[in-house]
Amino acid sequence: MNNVITVGISDMKVASAPSVLVTYALGSCVGICLYDSFLKIAGLAHIMLPCDNHKNAADNKYKYADICIPMMYHEMIKLGCNKGRLVAKIAGGASMFQVSGDNEISNIGNRNVESTKNVLKSLKVPIVAEDTGSNYGRTVWFYSSTGAVEIKSYAHQPKIL
């Protein structure tokens with residue numbers, strides 16, 4: 001497949017049709033897909049943590065939902081996307097580890113999803129589809145030509161969002 005752009009862990013990319021964005025190994029991480037259907041511009045972020053607590057100024061800002069999502073949003077606006085046309089689809093946020101109690105490790109997937117939803121709400125970007133939670137990893141294929149998001153996972157049927 002030509003025009004496939006890989007988005008790594010703690011990474012973000014924006015592309016236009018006919019490019020396909022893909023990110024692998026979403027466990028507790030969340031993949032955020034933003035799309036402008038008129039311009040056929042797609043953005044995909046792979047965040048690891050809900051928020052940047054300013055502990056390390058040199059840290060990769062794409063790692064955090066509260067920093068990465070607005071950065072992607074503003075990059076898409078700079079490319080001509082209309083704020084009113086942008087929609088989001090999200091995937092991931094699984095509970096990958098069996099840890100007793102309610103601590104930062106055991107609920108990181110839920111916290112990532114919650115932070116992602118809060119950031120998108122603050123930007124007034126509606127979430128039109130999601131595949132989050134559970135206990136398995138996901139791979140996301142985001143088709144900029146159509147806005148379709150294909151979720152693939154080991155031992156689960158593929159889903160189209």
# chains A, B, ... in the order shown; residues from 1 in each chain; ligands from 1
call {"tool": "residues_around", "arguments": {"residues": "Leu44 of chain A", "least_positions_apart": "2", "cutoff": "9 Å", "atoms": "only C-alpha atoms", "output": "PyMOL selection string"}}
result
chain A and resi 7+11-15+21-23+31-35+42+46+72+142
call {"tool": "write_last_selection", "arguments": {"atoms": "C-alpha atoms", "output": "short mmCIF file (atom, residue, chain, number, x, y, z; two decimals), in the first residue's frame"}}
result
data_model
loop_
_atom_site.label_atom_id
_atom_site.label_comp_id
_atom_site.auth_asym_id
_atom_site.auth_seq_id
_atom_site.Cartn_x
_atom_site.Cartn_y
_atom_site.Cartn_z
CA VAL A 7 2.77 7.05 13.72
CA ASP A 11 4.05 10.57 18.05
CA MET A 12 1.65 12.55 15.87
CA LYS A 13 1.29 12.99 12.12
CA VAL A 14 -1.07 14.94 9.83
CA ALA A 15 -1.62 13.94 6.20
CA LEU A 21 -1.98 6.75 8.84
CA VAL A 22 -1.25 3.70 11.00
CA THR A 23 -0.25 3.24 14.61
CA GLY A 31 -4.97 6.75 19.35
CA ILE A 32 -6.75 9.98 18.48
CA CYS A 33 -7.94 10.49 14.90
CA LEU A 34 -9.01 13.98 13.80
CA TYR A 35 -10.59 14.47 10.40
CA ALA A 42 -6.39 13.44 8.75
CA HIS A 46 -0.57 8.03 19.78
CA MET A 72 -2.43 18.30 16.27
CA PHE A 142 -6.84 5.73 9.44
#
call {"tool": "residues_around", "arguments": {"residues": "Ser153 of chain A", "least_positions_apart": "3", "cutoff": "8 Å", "atoms": "only C-alpha atoms", "output": "list in words"}}
result
Tyr136, Gly137, Arg138, Thr139, His156, Gln157 and Pro158 of chain A
call {"tool": "closest_residue", "arguments": {"among": "A:Val87, A:Ile108, A:Met76, A:Val113", "to": "Pro126 of chain A", "atoms": "only C-alpha atoms"}}
result
A:Val87
call {"tool": "select_by_dssp", "arguments": {"residues": "chain A", "states": "strand (DSSP E)", "output": "PyMOL selection string"}}
result
chain A and resi 4-6+11-16+20-26+30-36+41-47+87-92+127-132+138-143+149-153+156-160
call {"tool": "residues_around", "arguments": {"residues": "Cys29 of chain A", "least_positions_apart": "4", "cutoff": "8 Å", "atoms": "only C-alpha atoms", "output": "count of residues only"}}
result
9
call {"tool": "closest_residue", "arguments": {"among": "A:Tyr64, A:Pro50, A:Asn110, A:Asp36", "to": "Gly84 of chain A", "atoms": "only C-alpha atoms"}}
result
A:Asp36
call {"tool": "atom_distance", "arguments": {"atom1": "atom CA of Val30 of chain A", "atom2": "atom CA of Ala45 of chain A"}}
result
8.0 Å
call {"tool": "select_by_dssp", "arguments": {"residues": "segment 5-157 of chain A", "states": "helix (DSSP H, G or I)", "output": "ChimeraX atom specification"}}
result
/A:61-63,65-78,108-122
call {"tool": "write_last_selection", "arguments": {"atoms": "N, CA and C atoms", "output": "CSV table (one decimal), in the first residue's frame"}}
result
chain,number,residue,atom,x,y,z
A,61,LYS,N,6.6,16.0,24.0
A,61,LYS,CA,5.2,16.5,24.3
A,61,LYS,C,4.1,15.7,23.6
A,62,TYR,N,4.5,14.9,22.6
A,62,TYR,CA,3.5,14.1,22.0
A,62,TYR,C,3.1,12.9,22.9
A,63,LYS,N,3.8,12.7,24.0
A,63,LYS,CA,3.4,11.6,24.9
A,63,LYS,C,2.1,11.9,25.7
A,65,ALA,N,-1.7,13.5,26.4
A,65,ALA,CA,-3.0,13.9,25.7
A,65,ALA,C,-3.2,15.4,25.8
A,66,ASP,N,-3.0,16.0,26.9
A,66,ASP,CA,-3.3,17.4,27.1
A,66,ASP,C,-2.4,18.4,26.3
A,67,ILE,N,-1.3,17.9,25.8
A,67,ILE,CA,-0.4,18.7,25.0
A,67,ILE,C,-0.5,18.3,23.5
A,68,CYS,N,-0.5,17.0,23.3
A,68,CYS,CA,-0.4,16.5,21.9
A,68,CYS,C,-1.7,16.8,21.1
A,69,ILE,N,-2.8,16.6,21.7
A,69,ILE,CA,-4.1,16.8,20.9
A,69,ILE,C,-4.2,18.2,20.5
A,70,PRO,N,-4.1,19.2,21.4
A,70,PRO,CA,-4.1,20.6,20.9
A,70,PRO,C,-3.1,21.0,19.8
A,71,MET,N,-1.9,20.4,19.9
A,71,MET,CA,-0.9,20.6,18.9
A,71,MET,C,-1.3,20.1,17.5
A,72,MET,N,-1.9,18.9,17.5
A,72,MET,CA,-2.4,18.3,16.3
A,72,MET,C,-3.6,19.2,15.7
A,73,TYR,N,-4.5,19.5,16.6
A,73,TYR,CA,-5.6,20.4,16.2
A,73,TYR,C,-5.1,21.7,15.6
A,74,HIS,N,-4.2,22.4,16.2
A,74,HIS,CA,-3.7,23.6,15.6
A,74,HIS,C,-2.9,23.4,14.3
A,75,GLU,N,-2.2,22.3,14.2
A,75,GLU,CA,-1.5,22.0,12.9
A,75,GLU,C,-2.5,21.9,11.8
A,76,MET,N,-3.6,21.2,12.1
A,76,MET,CA,-4.7,21.0,11.1
A,76,MET,C,-5.4,22.3,10.7
A,77,ILE,N,-5.6,23.1,11.7
A,77,ILE,CA,-6.2,24.4,11.4
A,77,ILE,C,-5.3,25.3,10.5
A,78,LYS,N,-3.9,25.2,10.8
A,78,LYS,CA,-3.0,25.9,10.0
A,78,LYS,C,-3.0,25.4,8.5
A,108,ILE,N,-4.4,3.4,34.1
A,108,ILE,CA,-3.9,4.3,33.2
A,108,ILE,C,-4.6,4.4,31.9
A,109,GLY,N,-5.1,3.3,31.4
A,109,GLY,CA,-5.9,3.3,30.2
A,109,GLY,C,-7.2,4.1,30.3
A,110,ASN,N,-7.9,3.9,31.4
A,110,ASN,CA,-9.1,4.7,31.7
A,110,ASN,C,-8.8,6.2,31.8
A,111,ARG,N,-7.7,6.5,32.5
A,111,ARG,CA,-7.3,7.9,32.7
A,111,ARG,C,-6.9,8.6,31.3
A,112,ASN,N,-6.2,7.8,30.4
A,112,ASN,CA,-5.9,8.3,29.1
A,112,ASN,C,-7.1,8.6,28.3
A,113,VAL,N,-8.1,7.7,28.4
A,113,VAL,CA,-9.4,7.9,27.6
A,113,VAL,C,-10.1,9.2,28.2
A,114,GLU,N,-10.2,9.3,29.5
A,114,GLU,CA,-10.9,10.4,30.1
A,114,GLU,C,-10.2,11.7,29.8
A,115,SER,N,-8.9,11.8,29.8
A,115,SER,CA,-8.2,13.0,29.5
A,115,SER,C,-8.4,13.3,28.0
A,116,THR,N,-8.3,12.3,27.1
A,116,THR,CA,-8.5,12.5,25.7
A,116,THR,C,-9.9,13.1,25.5
A,117,LYS,N,-10.9,12.6,26.1
A,117,LYS,CA,-12.3,13.1,26.0
A,117,LYS,C,-12.4,14.5,26.5
A,118,ASN,N,-11.8,14.8,27.6
A,118,ASN,CA,-11.8,16.2,28.2
A,118,ASN,C,-11.1,17.2,27.2
A,119,VAL,N,-10.0,16.8,26.7
A,119,VAL,CA,-9.3,17.7,25.8
A,119,VAL,C,-10.1,18.0,24.5
A,120,LEU,N,-10.7,16.9,23.9
A,120,LEU,CA,-11.5,17.1,22.7
A,120,LEU,C,-12.7,18.0,23.0
A,121,LYS,N,-13.3,17.8,24.2
A,121,LYS,CA,-14.5,18.6,24.6
A,121,LYS,C,-14.1,20.0,24.7
A,122,SER,N,-12.9,20.3,25.3
A,122,SER,CA,-12.5,21.7,25.4
A,122,SER,C,-12.2,22.4,24.1
call {"tool": "atom_distance", "arguments": {"atom1": "atom CA of Ser37 of chain A", "atom2": "atom CA of Ser10 of chain A"}}
result
25.2 Å
call {"tool": "atom_distance", "arguments": {"atom1": "atom CA of Leu39 of chain A", "atom2": "atom CA of Cys81 of chain A"}}
result
6.8 Å
